[in-house]
$ cat data20.txt   # compact mmCIF, C-alpha atoms and all ligand atoms
# COMPACT_ATOMS: atom_id res chain seq x y z
CA MET A 1 0.00 0.00 0.00
CA SER A 2 1.42 3.43 -0.93
CA THR A 3 1.60 6.20 1.67
CA PRO A 4 -1.53 8.36 1.77
CA PHE A 5 -1.36 11.91 0.39
CA VAL A 6 -2.13 14.33 3.24
CA VAL A 7 -3.21 17.98 2.94
CA ALA A 8 -3.17 20.02 6.17
CA VAL A 9 -5.09 23.31 6.37
CA ASP A 10 -5.18 25.78 9.28
CA GLY A 11 -6.54 29.27 9.82
CA PRO A 12 -8.76 31.49 11.97
CA SER A 13 -12.55 31.44 12.02
CA GLY A 14 -14.12 32.47 8.71
CA SER A 15 -10.88 32.24 6.72
CA GLY A 16 -12.52 29.57 4.56
CA LYS A 17 -10.88 26.41 5.99
CA SER A 18 -13.95 24.17 5.94
CA SER A 19 -15.41 25.23 2.61
CA VAL A 20 -12.07 25.34 0.78
CA SER A 21 -10.85 22.05 2.36
CA ARG A 22 -14.04 20.29 1.32
CA ALA A 23 -13.65 21.55 -2.25
CA VAL A 24 -10.01 20.40 -2.34
CA ALA A 25 -11.04 16.99 -0.98
CA ARG A 26 -13.70 16.69 -3.71
CA HIS A 27 -11.09 17.62 -6.33
CA LEU A 28 -8.73 14.90 -5.05
CA GLY A 29 -11.39 12.28 -4.36
CA ALA A 30 -9.97 12.44 -0.83
CA GLY A 31 -11.50 12.01 2.62
CA TYR A 32 -12.12 15.09 4.76
CA LEU A 33 -11.53 15.67 8.48
CA ASP A 34 -12.92 18.72 10.29
CA THR A 35 -10.98 18.71 13.57
CA GLY A 36 -12.89 21.74 14.87
CA ALA A 37 -16.03 19.61 14.75
CA MET A 38 -14.34 17.22 17.19
CA TYR A 39 -13.81 20.00 19.77
CA ARG A 40 -17.41 21.10 19.14
CA ALA A 41 -18.75 17.53 19.58
CA LEU A 42 -16.86 17.15 22.86
CA THR A 43 -18.30 20.47 24.08
CA TRP A 44 -21.80 19.32 23.09
CA TRP A 45 -21.34 16.03 24.94
CA CYS A 46 -20.04 17.68 28.11
CA LEU A 47 -23.03 20.06 28.18
CA GLU A 48 -25.44 17.22 27.41
CA SER A 49 -24.07 14.94 30.14
CA GLY A 50 -23.67 17.63 32.80
CA VAL A 51 -19.84 17.79 32.80
CA ASP A 52 -18.67 21.11 34.27
CA LEU A 53 -16.50 22.77 31.58
CA GLY A 54 -14.50 24.42 34.38
CA ASP A 55 -13.41 21.00 35.69
CA ALA A 56 -10.46 20.21 33.39
CA ASP A 57 -10.02 16.63 34.68
CA ALA A 58 -13.67 15.83 34.01
CA VAL A 59 -13.46 17.28 30.48
CA VAL A 60 -10.31 15.25 29.76
CA ALA A 61 -12.07 12.08 30.98
CA ALA A 62 -15.00 12.94 28.69
CA ALA A 63 -12.59 13.38 25.75
CA ARG A 64 -11.19 9.87 26.35
CA GLU A 65 -14.65 8.29 26.55
CA LEU A 66 -16.34 10.32 23.80
CA PRO A 67 -18.16 7.87 21.47
CA LEU A 68 -17.40 9.98 18.40
CA ALA A 69 -17.87 9.02 14.75
CA MET A 70 -16.57 11.47 12.13
CA GLY A 71 -17.93 11.18 8.59
CA ALA A 72 -15.16 11.65 6.00
CA ASP A 73 -17.32 12.44 2.96
CA PRO A 74 -16.62 16.07 1.94
CA ASP A 75 -20.14 16.31 0.49
CA GLU A 76 -21.74 15.23 3.76
CA PRO A 77 -19.33 15.28 6.69
CA GLY A 78 -21.74 14.08 9.40
CA VAL A 79 -20.76 13.95 13.07
CA HIS A 80 -22.29 11.41 15.49
CA VAL A 81 -21.89 11.06 19.25
CA GLY A 82 -23.18 7.60 20.12
CA ASP A 83 -26.50 7.29 18.28
CA VAL A 84 -27.09 11.04 18.07
CA ASP A 85 -26.48 12.97 14.86
CA VAL A 86 -24.96 16.22 16.19
CA THR A 87 -23.95 17.64 12.79
CA GLU A 88 -26.29 20.64 13.15
CA ALA A 89 -26.33 20.97 16.94
CA ILE A 90 -22.58 21.55 17.21
CA ARG A 91 -22.88 24.72 15.05
CA SER A 92 -25.21 26.46 17.54
CA SER A 93 -24.08 29.72 19.11
CA GLN A 94 -24.25 27.99 22.51
CA ILE A 95 -21.49 25.61 21.39
CA SER A 96 -19.52 28.28 19.48
CA GLY A 97 -19.56 30.44 22.60
CA ARG A 98 -18.12 27.69 24.84
CA VAL A 99 -15.91 25.54 22.63
CA SER A 100 -12.74 27.55 23.35
CA THR A 101 -13.03 26.68 27.07
CA VAL A 102 -12.69 23.03 26.08
CA ALA A 103 -10.11 23.56 23.31
CA THR A 104 -7.73 25.49 25.58
CA ILE A 105 -7.30 22.63 28.09
CA PRO A 106 -3.84 21.18 27.18
CA ALA A 107 -4.65 17.55 28.08
CA VAL A 108 -7.86 17.71 26.02
CA ARG A 109 -5.80 18.87 23.06
CA SER A 110 -3.30 16.00 23.49
CA GLU A 111 -6.14 13.48 23.57
CA LEU A 112 -7.97 14.87 20.51
CA GLN A 113 -4.68 15.29 18.62
CA LEU A 114 -4.04 11.54 19.13
CA GLN A 115 -7.51 10.73 17.83
CA GLN A 116 -6.99 13.09 14.86
CA ARG A 117 -3.70 11.42 13.87
CA ASP A 118 -5.42 8.03 14.01
CA LEU A 119 -8.31 9.27 11.88
CA ILE A 120 -5.96 10.79 9.29
CA THR A 121 -4.20 7.41 9.03
CA VAL A 122 -7.44 5.41 8.81
CA ILE A 123 -9.10 7.72 6.25
CA GLY A 124 -5.86 8.06 4.24
CA ASP A 125 -5.36 4.28 4.15
CA GLU A 126 -8.94 3.78 2.98
CA LEU A 127 -9.15 6.53 0.35
CA GLY A 128 -5.52 7.19 -0.56
CA SER A 129 -5.68 10.86 0.39
CA VAL A 130 -7.11 13.07 3.13
CA VAL A 131 -7.62 16.80 3.73
CA ALA A 132 -7.60 17.71 7.44
CA GLU A 133 -8.34 21.21 8.71
CA GLY A 134 -8.20 23.06 12.01
CA ARG A 135 -5.85 25.27 14.00
CA ASP A 136 -2.80 23.07 14.60
CA ILE A 137 -2.83 20.56 11.74
CA THR A 138 0.13 22.07 9.86
CA THR A 139 2.15 22.43 13.07
CA VAL A 140 1.25 19.64 15.53
CA VAL A 141 -1.17 17.04 14.18
CA ALA A 142 0.34 16.51 10.70
CA PRO A 143 3.55 18.57 10.39
CA ASP A 144 4.82 16.07 7.77
CA ALA A 145 1.79 16.54 5.49
CA ASP A 146 2.47 16.66 1.73
CA VAL A 147 0.78 20.09 1.52
CA ARG A 148 0.61 22.51 4.47
CA LEU A 149 -1.57 25.55 3.94
CA LEU A 150 -2.53 28.47 6.17
CA LEU A 151 -5.66 30.33 5.08
CA THR A 152 -5.91 33.92 6.29
CA ALA A 153 -8.33 36.78 5.72
CA SER A 154 -8.80 40.22 7.24
CA GLU A 155 -10.92 40.44 10.37
CA ASP A 156 -13.46 42.45 8.41
CA ALA A 157 -13.79 39.82 5.66
CA ARG A 158 -14.06 36.99 8.19
CA LEU A 159 -16.70 38.79 10.23
CA ARG A 160 -18.73 39.58 7.11
CA ARG A 161 -18.63 35.97 5.88
CA ARG A 162 -19.62 34.45 9.22
CA THR A 163 -22.40 37.04 9.69
CA GLN A 164 -23.75 36.27 6.23
CA GLU A 165 -23.67 32.56 7.01
CA LEU A 166 -25.30 32.83 10.46
CA HIS A 167 -27.76 35.68 9.96
CA GLY A 168 -28.27 35.83 6.21
CA GLY A 169 -27.20 39.49 6.01
CA THR A 170 -24.43 41.87 7.03
CA ASP A 171 -26.27 44.78 8.71
CA ALA A 172 -24.39 46.41 11.61
CA GLU A 173 -26.43 44.70 14.35
CA SER A 174 -25.85 41.20 12.91
CA VAL A 175 -22.12 41.91 12.56
CA GLU A 176 -21.95 42.87 16.25
CA ARG A 177 -23.84 39.70 17.25
CA THR A 178 -21.26 37.63 15.36
CA ARG A 179 -18.19 39.40 16.74
CA ASP A 180 -17.89 37.16 19.84
CA GLU A 181 -18.04 34.05 17.66
CA VAL A 182 -15.14 35.20 15.52
CA VAL A 183 -12.90 37.79 17.17
CA ARG A 184 -13.08 36.77 20.85
CA ARG A 185 -12.92 33.05 20.01
CA ASP A 186 -9.83 33.49 17.79
CA ARG A 187 -8.15 35.50 20.54
CA ASP A 188 -8.82 32.72 23.08
CA ASP A 189 -7.90 29.90 20.67
CA SER A 190 -4.65 31.59 19.64
CA THR A 191 -3.36 31.27 23.21
CA VAL A 192 -2.84 27.52 22.60
CA SER A 193 -2.25 27.21 18.84
CA SER A 194 -0.35 29.34 16.38
CA PHE A 195 -2.67 29.81 13.39
CA LEU A 196 -2.31 33.50 12.58
CA THR A 197 1.11 33.28 10.94
CA ALA A 198 2.53 30.41 8.92
CA ALA A 199 5.18 28.12 10.43
CA ASP A 200 8.29 27.28 8.39
CA GLY A 201 7.38 25.38 5.23
CA VAL A 202 3.68 26.33 5.40
CA SER A 203 2.19 28.25 2.44
CA THR A 204 -0.07 31.21 3.19
CA LEU A 205 -3.17 32.00 1.14
CA ASP A 206 -4.84 35.32 1.96
CA THR A 207 -8.46 35.01 0.84
CA SER A 208 -9.59 38.55 1.86
CA ASP A 209 -9.95 39.84 -1.68
CA LEU A 210 -10.69 36.56 -3.44
CA THR A 211 -14.03 35.07 -4.38
CA PHE A 212 -14.70 31.60 -2.96
CA GLU A 213 -13.98 30.08 -6.39
CA GLU A 214 -10.65 31.93 -6.58
CA SER A 215 -9.67 30.63 -3.11
CA VAL A 216 -10.45 27.07 -4.17
CA ALA A 217 -8.53 27.46 -7.44
CA ALA A 218 -5.45 28.77 -5.58
CA ALA A 219 -5.56 25.92 -3.04
CA VAL A 220 -6.07 23.31 -5.77
CA ALA A 221 -3.10 24.74 -7.72
CA LEU A 222 -0.85 24.29 -4.67
CA VAL A 223 -2.08 20.75 -4.12
CA ASP A 224 -1.70 19.77 -7.78
CA ALA A 225 1.83 21.21 -7.87
CA ALA A 226 2.75 19.09 -4.83
CA ARG A 227 1.21 15.96 -6.39
CA GLU A 228 3.08 16.45 -9.63
CA GLY A 229 6.35 17.41 -7.93
N1 LIG B 1 -12.71 34.06 -0.82
C1 LIG B 1 -13.31 33.20 -0.01
N2 LIG B 1 -12.62 32.12 0.45
C2 LIG B 1 -13.23 31.25 1.28
N3 LIG B 1 -14.51 31.37 1.73
C3 LIG B 1 -15.22 32.41 1.29
C4 LIG B 1 -14.66 33.38 0.41
N4 LIG B 1 -15.60 34.30 0.17
C5 LIG B 1 -16.69 33.94 0.85
N5 LIG B 1 -16.48 32.79 1.52
C6 LIG B 1 -17.50 32.14 2.36
O1 LIG B 1 -17.09 32.33 3.72
C7 LIG B 1 -17.47 31.22 4.50
C8 LIG B 1 -16.23 30.64 5.16
O2 LIG B 1 -16.65 29.68 6.07
P1 LIG B 1 -15.82 28.41 6.44
O3 LIG B 1 -15.29 27.72 5.24
O4 LIG B 1 -16.71 27.63 7.39
O5 LIG B 1 -14.58 29.05 7.23
P2 LIG B 1 -13.79 28.47 8.46
O6 LIG B 1 -13.88 26.97 8.38
O7 LIG B 1 -12.38 28.98 8.26
O8 LIG B 1 -14.42 29.03 9.68
C9 LIG B 1 -18.15 30.22 3.57
O9 LIG B 1 -19.55 30.41 3.62
C10 LIG B 1 -17.60 30.63 2.21
O10 LIG B 1 -18.46 30.31 1.15
N1 LIG B 2 -7.37 21.76 15.39
C1 LIG B 2 -8.23 22.54 16.05
C2 LIG B 2 -9.52 22.81 15.52
C3 LIG B 2 -10.36 23.59 16.24
N2 LIG B 2 -10.00 24.07 17.43
C4 LIG B 2 -10.93 24.83 18.27
C5 LIG B 2 -10.92 26.30 17.98
C6 LIG B 2 -12.34 26.68 17.62
O1 LIG B 2 -12.85 27.68 18.49
C7 LIG B 2 -13.15 25.41 17.81
C8 LIG B 2 -14.10 25.12 16.66
O2 LIG B 2 -13.34 25.06 15.47
P1 LIG B 2 -14.02 25.31 14.04
O3 LIG B 2 -12.96 25.00 13.02
O4 LIG B 2 -15.30 24.56 13.96
O5 LIG B 2 -14.34 26.84 14.07
P2 LIG B 2 -14.63 27.78 12.82
O6 LIG B 2 -15.41 27.00 11.81
O7 LIG B 2 -13.29 28.19 12.28
O8 LIG B 2 -15.38 28.92 13.38
O9 LIG B 2 -12.24 24.35 18.03
C9 LIG B 2 -8.73 23.84 17.92
O10 LIG B 2 -8.39 24.35 19.01
N3 LIG B 2 -7.87 23.08 17.22
$ encode --input "data20.txt" --output "structure tokens"
Amino acid sequence: MSTPFVVAVDGPSGSGKSSVSRAVARHLGAGYLDTGAMYRALTWWCLESGVDLGDADAVVAAARELPLAMGADPDEPGVHVGDVDVTEAIRSSQISGRVSTVATIPAVRSELQLQQRDLITVIGDELGSVVAEGRDITTVVAPDADVRLLLTASEDARLRRRTQELHGGTDAESVERTRDEVVRRDRDDSTVSSFLTAADGVSTLDTSDLTFEESVAAAVALVDAAREG
């Protein structure tokens, strides 16, 4: 069996990681792994089962026991915890508002990073290639990936995109309602991962002034160059 082709993508909220990574995975016929969804699913499970998010030991124990199933289809990347389909529920503002509390516990990160490496191996072995995205994939989870890409975009562009997605418009009030979900969360998350500037060997793609299609084309060009080289 040949070694799987791995694409690692990081970036702040609203930079386009999920949508661009899914498009790249479709282009490659690869599997897709949304590592942020794993932190979200753990947060959902803790809230559902009454685990106090302030009790780091309890959250770590929950991370070890989490009955998580990650779908790898970029067209339909479902997330299940036990029998429950949490794909939609983990995108709620309740989860977005609390996920950083979970994701900034170092031992939780170590546990989920282990699970993410295993998933990248399993998906890669099955499909031949995998696109994994998050905050620390290029640096910690898969630093040896064949392609390592940091997506960036101005705060203004990221806020506008997320507001459009969540509220269907970009009036001033909706933008303010979204600010906590983007700006505050990135500030908290960046205390434990370095996803605002590219590490050595990581390519940066600034999507601020690109259309979605242009972002995908630029990412695909990088991936194709690495495949051919
Ligand atoms: N140039 C662009 N690059 C990437 N996404 C863009 C661009 N312009 C608009 N978007 C939209 O912004 C949103 C980005 O969301 P998402 O991919 O979930 O970002 P992230 O995973 O980084 O939080 C999507 O709805 C996407 O269609
Ligand atoms: N590899 C990762 C992925 C996500 N996280 C954290 C940081 C984020 O606040 C949450 C949710 O990530 P997610 O990628 O779903 O967030 P956005 O879609 O970018 O808004 O998880 C992380 O710490 N490390």
$ closest_residue --input "data20.txt" --among "A:Gly82, A:Pro4, A:Gly29, A:Pro12" --to "ligand LIG 1 (chain B)" --atoms "only C-alpha atoms and all ligand atoms"
A:Pro12
$ atom_distance --input "data20.txt" --atom1 "CA of Asp188 (chain A)" --atom2 "CA of Val131 (chain A)"
25.1 Å
$ closest_residue --input "data20.txt" --among "A:Glu76, A:Asp146, A:Asp57, A:Asp34" --to "Val6 (chain A)" --atoms "only C-alpha atoms"
A:Asp146
$ residues_near_ligand --input "data20.txt" --ligand "ligand LIG 2 (chain B)" --cutoff "7 Å" --atoms "all atoms listed in the file" --output "list in words"
Pro12, Ser13, Gly14, Lys17, Ser18, Asp34, Thr35, Gly36, Ala37, Tyr39, Arg40, Ser96, Val99, Ser100, Ala103, Thr104, Glu133, Gly134, Arg135, Asp136, Ile137, Val182, Arg185, Asp186, Asp189 and Ser193 of chain A
$ residues_around --input "data20.txt" --residues "Glu111 (chain A)" --least-positions-apart "3" --cutoff "10 Å" --atoms "all atoms listed in the file" --output "PDB file with C-alpha atoms, keeping the file's coordinate frame"
ATOM      1  CA  VAL A  60     -10.310  15.250  29.760  1.00  0.00           C
ATOM      2  CA  ALA A  61     -12.070  12.080  30.980  1.00  0.00           C
ATOM      3  CA  ALA A  63     -12.590  13.380  25.750  1.00  0.00           C
ATOM      4  CA  ARG A  64     -11.190   9.870  26.350  1.00  0.00           C
ATOM      5  CA  PRO A 106      -3.840  21.180  27.180  1.00  0.00           C
ATOM      6  CA  ALA A 107      -4.650  17.550  28.080  1.00  0.00           C
ATOM      7  CA  VAL A 108      -7.860  17.710  26.020  1.00  0.00           C
ATOM      8  CA  LEU A 114      -4.040  11.540  19.130  1.00  0.00           C
ATOM      9  CA  GLN A 115      -7.510  10.730  17.830  1.00  0.00           C
ATOM     10  CA  GLN A 116      -6.990  13.090  14.860  1.00  0.00           C
TER      11      GLN A 116
END
$ residues_near_ligand --input "data20.txt" --ligand "ligand LIG 1 (chain B)" --cutoff "7 Å" --atoms "all atoms listed in the file" --output "list of chain:residue names"
A:Gly11, A:Pro12, A:Ser13, A:Gly14, A:Ser15, A:Gly16, A:Lys17, A:Ser18, A:Ser19, A:Val20, A:Arg161, A:Arg162, A:Glu165, A:Thr207, A:Ser208, A:Asp209, A:Leu210, A:Thr211, A:Phe212, A:Glu213, A:Glu214, A:Ser215
$ closest_residue --input "data20.txt" --among "A:Thr43, A:Ser154, A:Gln164, A:Ser110" --to "Val81 (chain A)" --atoms "only C-alpha atoms"
A:Thr43
$ closest_residue --input "data20.txt" --among "A:Pro77, A:Gly128, A:Gly168, A:Pro67" --to "Arg22 (chain A)" --atoms "all atoms listed in the file"
A:Pro77
$ build_atoms --input "data20.txt" --residues "region 107-134 of chain A" --atoms "N, CA and C atoms" --output "PDB file, in the frame of the given file"
ATOM      1  N   ALA A 107      -4.510  19.010  28.148  1.00  0.00           N
ATOM      2  CA  ALA A 107      -4.650  17.550  28.080  1.00  0.00           C
ATOM      3  C   ALA A 107      -5.798  17.117  27.168  1.00  0.00           C
ATOM      4  N   VAL A 108      -6.785  17.990  26.992  1.00  0.00           N
ATOM      5  CA  VAL A 108      -7.860  17.710  26.020  1.00  0.00           C
ATOM      6  C   VAL A 108      -7.263  17.758  24.621  1.00  0.00           C
ATOM      7  N   ARG A 109      -6.421  18.746  24.378  1.00  0.00           N
ATOM      8  CA  ARG A 109      -5.800  18.870  23.060  1.00  0.00           C
ATOM      9  C   ARG A 109      -4.960  17.618  22.750  1.00  0.00           C
ATOM     10  N   SER A 110      -4.148  17.184  23.735  1.00  0.00           N
ATOM     11  CA  SER A 110      -3.300  16.000  23.490  1.00  0.00           C
ATOM     12  C   SER A 110      -4.171  14.803  23.114  1.00  0.00           C
ATOM     13  N   GLU A 111      -5.276  14.628  23.831  1.00  0.00           N
ATOM     14  CA  GLU A 111      -6.140  13.480  23.570  1.00  0.00           C
ATOM     15  C   GLU A 111      -6.767  13.575  22.165  1.00  0.00           C
ATOM     16  N   LEU A 112      -7.317  14.750  21.837  1.00  0.00           N
ATOM     17  CA  LEU A 112      -7.970  14.870  20.510  1.00  0.00           C
ATOM     18  C   LEU A 112      -6.931  14.842  19.386  1.00  0.00           C
ATOM     19  N   GLN A 113      -5.733  15.353  19.657  1.00  0.00           N
ATOM     20  CA  GLN A 113      -4.680  15.290  18.620  1.00  0.00           C
ATOM     21  C   GLN A 113      -4.334  13.828  18.296  1.00  0.00           C
ATOM     22  N   LEU A 114      -4.281  12.986  19.347  1.00  0.00           N
ATOM     23  CA  LEU A 114      -4.040  11.540  19.130  1.00  0.00           C
ATOM     24  C   LEU A 114      -5.119  10.952  18.238  1.00  0.00           C
ATOM     25  N   GLN A 115      -6.374  11.269  18.599  1.00  0.00           N
ATOM     26  CA  GLN A 115      -7.510  10.730  17.830  1.00  0.00           C
ATOM     27  C   GLN A 115      -7.466  11.250  16.390  1.00  0.00           C
ATOM     28  N   GLN A 116      -7.042  12.510  16.221  1.00  0.00           N
ATOM     29  CA  GLN A 116      -6.990  13.090  14.860  1.00  0.00           C
ATOM     30  C   GLN A 116      -5.915  12.413  14.021  1.00  0.00           C
ATOM     31  N   ARG A 117      -4.759  12.116  14.631  1.00  0.00           N
ATOM     32  CA  ARG A 117      -3.700  11.420  13.870  1.00  0.00           C
ATOM     33  C   ARG A 117      -4.185  10.039  13.433  1.00  0.00           C
ATOM     34  N   ASP A 118      -4.877   9.354  14.362  1.00  0.00           N
ATOM     35  CA  ASP A 118      -5.420   8.030  14.010  1.00  0.00           C
ATOM     36  C   ASP A 118      -6.403   8.135  12.861  1.00  0.00           C
ATOM     37  N   LEU A 119      -7.297   9.129  12.935  1.00  0.00           N
ATOM     38  CA  LEU A 119      -8.310   9.270  11.880  1.00  0.00           C
ATOM     39  C   LEU A 119      -7.662   9.596  10.535  1.00  0.00           C
ATOM     40  N   ILE A 120      -6.645  10.449  10.542  1.00  0.00           N
ATOM     41  CA  ILE A 120      -5.960  10.790   9.290  1.00  0.00           C
ATOM     42  C   ILE A 120      -5.361   9.510   8.677  1.00  0.00           C
ATOM     43  N   THR A 121      -4.783   8.669   9.524  1.00  0.00           N
ATOM     44  CA  THR A 121      -4.200   7.410   9.030  1.00  0.00           C
ATOM     45  C   THR A 121      -5.288   6.490   8.471  1.00  0.00           C
ATOM     46  N   VAL A 122      -6.376   6.333   9.228  1.00  0.00           N
ATOM     47  CA  VAL A 122      -7.440   5.410   8.810  1.00  0.00           C
ATOM     48  C   VAL A 122      -8.087   5.892   7.504  1.00  0.00           C
ATOM     49  N   ILE A 123      -8.434   7.180   7.448  1.00  0.00           N
ATOM     50  CA  ILE A 123      -9.100   7.720   6.250  1.00  0.00           C
ATOM     51  C   ILE A 123      -8.123   7.676   5.061  1.00  0.00           C
ATOM     52  N   GLY A 124      -6.873   8.052   5.313  1.00  0.00           N
ATOM     53  CA  GLY A 124      -5.860   8.060   4.240  1.00  0.00           C
ATOM     54  C   GLY A 124      -5.636   6.656   3.691  1.00  0.00           C
ATOM     55  N   ASP A 125      -5.571   5.661   4.602  1.00  0.00           N
ATOM     56  CA  ASP A 125      -5.360   4.280   4.150  1.00  0.00           C
ATOM     57  C   ASP A 125      -6.548   3.805   3.305  1.00  0.00           C
ATOM     58  N   GLU A 126      -7.743   4.236   3.691  1.00  0.00           N
ATOM     59  CA  GLU A 126      -8.940   3.780   2.980  1.00  0.00           C
ATOM     60  C   GLU A 126      -9.084   4.456   1.618  1.00  0.00           C
ATOM     61  N   LEU A 127      -8.836   5.772   1.574  1.00  0.00           N
ATOM     62  CA  LEU A 127      -9.150   6.530   0.350  1.00  0.00           C
ATOM     63  C   LEU A 127      -7.914   6.990  -0.430  1.00  0.00           C
ATOM     64  N   GLY A 128      -6.747   6.821   0.158  1.00  0.00           N
ATOM     65  CA  GLY A 128      -5.520   7.190  -0.560  1.00  0.00           C
ATOM     66  C   GLY A 128      -5.097   8.618  -0.310  1.00  0.00           C
ATOM     67  N   SER A 129      -6.040   9.470   0.093  1.00  0.00           N
ATOM     68  CA  SER A 129      -5.680  10.860   0.390  1.00  0.00           C
ATOM     69  C   SER A 129      -6.691  11.450   1.369  1.00  0.00           C
ATOM     70  N   VAL A 130      -6.249  12.463   2.110  1.00  0.00           N
ATOM     71  CA  VAL A 130      -7.110  13.070   3.130  1.00  0.00           C
ATOM     72  C   VAL A 130      -6.761  14.548   3.278  1.00  0.00           C
ATOM     73  N   VAL A 131      -7.807  15.363   3.451  1.00  0.00           N
ATOM     74  CA  VAL A 131      -7.620  16.800   3.730  1.00  0.00           C
ATOM     75  C   VAL A 131      -8.125  17.026   5.152  1.00  0.00           C
ATOM     76  N   ALA A 132      -7.226  17.473   6.037  1.00  0.00           N
ATOM     77  CA  ALA A 132      -7.600  17.710   7.440  1.00  0.00           C
ATOM     78  C   ALA A 132      -7.429  19.192   7.742  1.00  0.00           C
ATOM     79  N   GLU A 133      -8.428  19.762   8.430  1.00  0.00           N
ATOM     80  CA  GLU A 133      -8.340  21.210   8.710  1.00  0.00           C
ATOM     81  C   GLU A 133      -8.628  21.540  10.155  1.00  0.00           C
ATOM     82  N   GLY A 134      -8.004  22.646  10.629  1.00  0.00           N
ATOM     83  CA  GLY A 134      -8.200  23.060  12.010  1.00  0.00           C
ATOM     84  C   GLY A 134      -7.347  24.260  12.365  1.00  0.00           C
TER      85      GLY A 134
END
